[in-house]
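Peer 1: One structure, pasted below without further comment.
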Amino acid sequence: MNSEKSVNGVDLCAAPDESLSQRGAQRRDLLRAMAASGLLTLTGTGLLSVSGQAFAQTPKRGGKIRVATQSASAADTLDPAKGALATDYVRANMIYNGLTELDSKLGAKLALAASIDTKDAKVWVIKLRSGVQFHDGKPLTPADVTYSILRHKDPATASKAKTLADQIKEAKATGPNEVTITLEGPNADLPVILATSHFLIIKDGTKDFTTAVGTGPFKVKEFSPGVRTVGVRNEKYWKPGQPYLDEIELIGIGDESARVNALLSGDVQLINAVSARSTERIKTTPGYAVLETKTGQYTDLIMRDEGGITGNTDFRRGMMHLFDREQIRKTVFRGFGAIGNDQPIDPSNKYYMAGLPQRPFDPEKAAWYFKKANLPTAPLQVYATPAAEGSVEMAMMLQQIAPKAGLNLQITRVPADGYWSNHWMKHPLTFGSVNARPSADVLLTQFFRSDAPWNEANWKNPKFDQLLVAARGEPDDAKRKALYGDIQTLIHQDGGIGIPMFLSSLDAHTAKLKGLGSIPLAGLMGFAFAEHVWLDA
């Protein structure tokens, strides 16, 4: 996530407090002009970094592809505010654009915004790109932007990003092509937040999402929730020459082996969420390739605080000592990924606390904690599913070692289809799967804040809530890192989730599909592959 240090010897990496101060109109205006032209991007700490994509060969126009992700259901949506699964995020990025978009370093690259300026990380002035049209020909206006942002604050919208939007005090048009966003408190991550799929821009006043009209690279030709989405090229897309494909059909295939079979049979040309065990089969099949993207994604053991044993801190710590993490990495994930330490900030994140002692595999220590927790003699049920990658295998490993710690652990294996709506966060002991987020603040706000809708363990810690706000507004990067270190320590100690591994995201595709790269948010180029890929027939 670090920015490039310099370009041709010119330092572009100011400290966060410097980057948010007045450093002289000439330098500031030069950097803004370079950013507007696409030469620079804004990082999550307000810094600027070099961006741009170089293709090994000239992209070709034309052709159709089918893409299979691991999730689809009757709850599929065209409303970016309600997106909850990979298919939703991909669909949204096909149809809409954000004010910013993520680059290969998880910086925030300008998109519908031609410039973003702030002096204090609290008041942000956004100039909109001119000449942008919605699919129906309507020009992009400040009213579209303010409506898209403020609707997240309305509880009736049921936005998955409401906790993020609650930071926004006001968003209003301050010129014919200008929007000013005022936050409740300073947050240097705003450009990154605005790049997340929930904050993609829709038309002013839109309430009907049976179809969709956006500014994105593809127009909706067909949308059948749980079945398929078909997008066709937007010939008036504001990015010259893009997209390259004529049509993309998006489907969901929940079973991973069926997804791989669909690829190798030629039924689809691109799939995501490939398991490590399938990589050799794909790579040794002529004409197919695997792309690894290192991310902060994790599969976690959720121990909900609902008055029972799973809310007991000693029980939670005991469970975490039953994870043989290195064995999980070697056997379940075939060496892909990084060892986790029961807190959600991964080692590639600039705010990762390397000094936090690693929790070891120690069944005797687990037994000691279980005794303190007054463990019940009745069997405990843990729910696992192929929808949470590696959870079934991890549950089996826990079950095998549990008797050594005096625990009778039983596994309830649930099919991938319907798991997230019917089981996730609805039992005391379950597995979850959290996609990487573009910044530490976004992840912590969505999954750990006391009132977060995805607070998996129902963990409510006032000290954490205070530290989260303090870290968000801290302009000194060293102090900010220390605050995030305190946060990681709190979650590690009693956050109610066990994170044994951070996963790599594995995509697979026909070798004829070109232009696919890595954005560390997730596979499928951070769900935004659609405008970048082409077929080399």
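Residues in the structure tokens are named by chain (A, B, ... in the order shown) and by number from 1 within that chain; ligands are numbered from 1 in the order shown.
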So which residues of segment 248-403 of chain A fall under alpha helix (DSSP H) by DSSP, listed as number ranges by chain?
Peer 2: A: 256-264, 279-283, 313-320, 325-327, 363-372, 391-401
Peer 1: Counting only C-alpha atoms, which residues in segment 184-303 of chain A sit no more than 9 Å from segment 58-64 of chain A? For each one, give the nearest pair of atoms and the distance in Å, sorted by chain then residue number, as JSON lines.
Peer 2:
{"residue": "A:Gly241", "atom": "CA", "partner": "A:Arg61", "partner_atom": "CA", "distance": 8.6}
{"residue": "A:Gln242", "atom": "CA", "partner": "A:Arg61", "partner_atom": "CA", "distance": 8.7}
{"residue": "A:Pro243", "atom": "CA", "partner": "A:Arg61", "partner_atom": "CA", "distance": 8.0}
{"residue": "A:Tyr244", "atom": "CA", "partner": "A:Arg61", "partner_atom": "CA", "distance": 4.5}
{"residue": "A:Leu245", "atom": "CA", "partner": "A:Gly62", "partner_atom": "CA", "distance": 4.8}
{"residue": "A:Asp246", "atom": "CA", "partner": "A:Gly62", "partner_atom": "CA", "distance": 5.0}
{"residue": "A:Glu247", "atom": "CA", "partner": "A:Lys64", "partner_atom": "CA", "distance": 4.7}
{"residue": "A:Ile248", "atom": "CA", "partner": "A:Lys64", "partner_atom": "CA", "distance": 5.7}
{"residue": "A:Glu249", "atom": "CA", "partner": "A:Lys64", "partner_atom": "CA", "distance": 7.8}
Peer 1: Just how far from atom CA of Ala338 of chain A is atom CA of Phe464 of chain A, in Å to one decimal?
Peer 2: 25.1 Å
Peer 1: Which residue out of A:Asp300, A:Glu389, A:Glu531, A:Asp204 has the minimum interatomic distance to Ala457 of chain A when only C-alpha atoms are used?
Peer 2: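 Comparing A:Asp300, A:Glu389, A:Glu531, A:Asp204 against Ala457 of chain A, the winner is A:Asp300.
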Peer 1: Could you tell me how far atom CA of Ile309 of chain A lies from atom CA of Ala378 of chain A, in Å and to one decimal?
Peer 2: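 According to the coordinates, atom CA of Ile309 of chain A and atom CA of Ala378 of chain A are separated by 11.4 Å.
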Peer 1: So how many Å separate atom CA of Arg91 of chain A and atom CA of Val442 of chain A, to one decimal?
Peer 2: 21.0 Å
Peer 1: Neighbouring residues of Lys122 of chain A were defined as those with any atom within 6 Å, considering only C-alpha atoms; residues of the same chain fewer than 2 positions away were excluded. Please report them as a PyMOL selection string.
Peer 2: chain A and resi 120+182-183+185-186
Peer 1: For the selection you just gave me, I'd like the residues written to a file as a tab-separated table (two decimals), in the first residue's frame, keeping N, CA and C atoms.
Peer 2:
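Result file out.tsv:
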chain	number	residue	atom	x	y	z
A	120	ASP	N	-7.77	20.00	5.32
A	120	ASP	CA	-7.79	19.50	6.68
A	120	ASP	C	-8.33	18.08	6.82
A	182	THR	N	-18.45	17.46	3.58
A	182	THR	CA	-17.95	17.80	4.90
A	182	THR	C	-18.17	16.61	5.82
A	183	LEU	N	-17.11	16.19	6.48
A	183	LEU	CA	-17.17	15.04	7.38
A	183	LEU	C	-17.42	15.49	8.82
A	185	GLY	N	-15.74	14.39	11.24
A	185	GLY	CA	-14.38	14.55	11.74
A	185	GLY	C	-13.41	14.23	10.62
A	186	PRO	N	-12.15	14.60	10.74
A	186	PRO	CA	-11.20	14.36	9.66
A	186	PRO	C	-11.01	12.87	9.37
Peer 1: Set the distance at 8 Å and use only C-alpha atoms: which residues neighbour Asp536 of chain A once local chain neighbours fewer than 5 positions away are removed? I'd like the list as number ranges by chain.
Peer 2: A: 60, 512-514
Peer 1: Deliver the residues from the most recent selection as a file, using N, CA and C atoms, as a short mmCIF file (atom, residue, chain, number, x, y, z; two decimals), in the first residue's frame.
Peer 2:
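Result saved to selection.cif:
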data_model
loop_
_atom_site.label_atom_id
_atom_site.label_comp_id
_atom_site.auth_asym_id
_atom_site.auth_seq_id
_atom_site.Cartn_x
_atom_site.Cartn_y
_atom_site.Cartn_z
N LYS A 60 -7.56 -5.76 -28.09
CA LYS A 60 -8.42 -5.96 -29.25
C LYS A 60 -9.87 -5.76 -28.84
N LYS A 512 -6.65 -17.01 -23.62
CA LYS A 512 -7.04 -16.03 -24.64
C LYS A 512 -7.54 -14.72 -24.04
N LEU A 513 -7.87 -14.75 -22.74
CA LEU A 513 -8.35 -13.54 -22.07
C LEU A 513 -7.14 -12.75 -21.57
N LYS A 514 -7.01 -11.53 -22.04
CA LYS A 514 -5.85 -10.70 -21.73
C LYS A 514 -6.29 -9.47 -20.92
#
Peer 1: Looking at only C-alpha atoms, which of A:Asn461, A:Thr385, A:Leu503, A:Ser275 is the one that sits closest to Ser257 of chain A?
Peer 2: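 The answer is A:Ser275, which sits nearest to Ser257 of chain A.
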Peer 1: Could you check the closest approach to Phe502 of chain A for each of A:Gln327, A:Thr141, A:Thr295, A:Thr430 and tell me which residue wins, using only C-alpha atoms?
Peer 2: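 The shortest atom-to-atom distance to Phe502 of chain A comes from A:Thr295.
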Peer 1: Which one of A:Val392, A:Ile339, A:Val230, A:Leu429 sits closest to Gln297 of chain A if you count only C-alpha atoms?
Peer 2: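 Among the listed residues, A:Ile339 lies closest to Gln297 of chain A.
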Peer 1: Give the strand (DSSP E or B) residues of segment 107-266 of chain A, as DSSP finds them on the backbone, and put them as a ChimeraX atom specification.
Peer 2: /A:108-110,113-118,123-128,133,139,168-175,178-183,218-224,228-233,247-252
Peer 1: List as a CSV table (one decimal) with all heavy atoms, in the first residue's frame the protein and nucleic acid residues near Asp362 of chain A, meaning an atom at most 10 Å away when only C-alpha atoms are counted, but skip any in the same chain fewer than 6 places from it.
Peer 2:
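The resulting file, selection.csv, is reproduced below:
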chain,number,residue,atom,x,y,z
A,318,GLY,N,-9.2,-20.0,24.2
A,318,GLY,CA,-8.9,-21.4,24.1
A,318,GLY,C,-9.1,-21.9,22.6
A,318,GLY,O,-8.2,-22.7,22.1
A,319,MET,N,-10.2,-21.5,22.0
A,319,MET,CA,-10.4,-21.9,20.6
A,319,MET,C,-9.3,-21.5,19.7
A,319,MET,O,-8.8,-22.2,18.8
A,319,MET,CB,-11.7,-21.4,20.1
A,319,MET,CG,-13.0,-22.1,20.7
A,319,MET,SD,-13.1,-23.8,20.4
A,319,MET,CE,-13.3,-23.9,18.7
A,320,MET,N,-8.8,-20.3,19.9
A,320,MET,CA,-7.7,-19.8,19.0
A,320,MET,C,-6.4,-20.5,19.2
A,320,MET,O,-5.6,-20.6,18.3
A,320,MET,CB,-7.5,-18.3,19.3
A,320,MET,CG,-8.8,-17.4,18.9
A,320,MET,SD,-8.6,-15.7,19.5
A,320,MET,CE,-10.3,-15.1,19.3
A,321,HIS,N,-6.2,-21.1,20.4
A,321,HIS,CA,-5.0,-21.9,20.6
A,321,HIS,C,-5.1,-23.3,19.9
A,321,HIS,O,-4.1,-24.0,19.9
A,321,HIS,CB,-4.7,-22.0,22.1
A,321,HIS,CG,-4.0,-20.9,22.7
A,321,HIS,ND1,-2.7,-20.6,22.3
A,321,HIS,CD2,-4.3,-19.9,23.6
A,321,HIS,CE1,-2.3,-19.5,23.0
A,321,HIS,NE2,-3.3,-19.1,23.8
A,322,LEU,N,-6.3,-23.6,19.4
A,322,LEU,CA,-6.4,-24.9,18.7
A,322,LEU,C,-6.1,-24.8,17.3
A,322,LEU,O,-6.1,-25.8,16.6
A,322,LEU,CB,-7.9,-25.4,18.9
A,322,LEU,CG,-8.3,-25.9,20.3
A,322,LEU,CD1,-9.7,-26.4,20.3
A,322,LEU,CD2,-7.3,-26.9,20.9
A,323,PHE,N,-5.8,-23.6,16.7
A,323,PHE,CA,-5.5,-23.5,15.3
A,323,PHE,C,-4.0,-23.8,15.1
A,323,PHE,O,-3.1,-23.1,15.7
A,323,PHE,CB,-5.7,-22.0,14.9
A,323,PHE,CG,-7.1,-21.7,14.5
A,323,PHE,CD1,-7.8,-20.7,15.1
A,323,PHE,CD2,-7.8,-22.4,13.6
A,323,PHE,CE1,-9.1,-20.3,14.8
A,323,PHE,CE2,-9.1,-22.1,13.3
A,323,PHE,CZ,-9.8,-21.1,13.9
A,324,ASP,N,-3.7,-24.9,14.3
A,324,ASP,CA,-2.4,-25.2,13.9
A,324,ASP,C,-2.2,-24.4,12.6
A,324,ASP,O,-2.4,-24.9,11.5
A,324,ASP,CB,-2.2,-26.7,13.7
A,324,ASP,CG,-0.7,-27.0,13.5
A,324,ASP,OD1,0.1,-26.1,13.1
A,324,ASP,OD2,-0.4,-28.2,13.7
A,405,ALA,N,-8.1,-31.0,24.3
A,405,ALA,CA,-8.3,-29.9,25.2
A,405,ALA,C,-9.6,-30.1,26.0
A,405,ALA,O,-10.0,-29.1,26.7
A,405,ALA,CB,-8.4,-28.6,24.3
Peer 1: Extract, using only C-alpha atoms, all DNA, RNA and protein residues at most 7 Å from Leu521 of chain A, discarding same-chain residues fewer than 2 positions from it, and format them as a PyMOL selection string.
Peer 2: chain A and resi 295+436-438+519+526
Peer 1: Choose the residue, out of A:Asp346, A:Glu256, A:Asp305, A:Glu393, that has the smallest atom-to-atom separation from Gly496 of chain A; count only C-alpha atoms.
Peer 2: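 Closest residue, counting only C-alpha atoms: A:Asp305.
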Peer 1: For Glu170 of chain A, work out the shell of residues within 12 Å, counting only C-alpha atoms and skipping chain neighbours fewer than 2 positions away, then give it as a PyMOL selection string.
Peer 2: chain A and resi 122-125+146-147+149-151+153+165-168+172-174+179-185
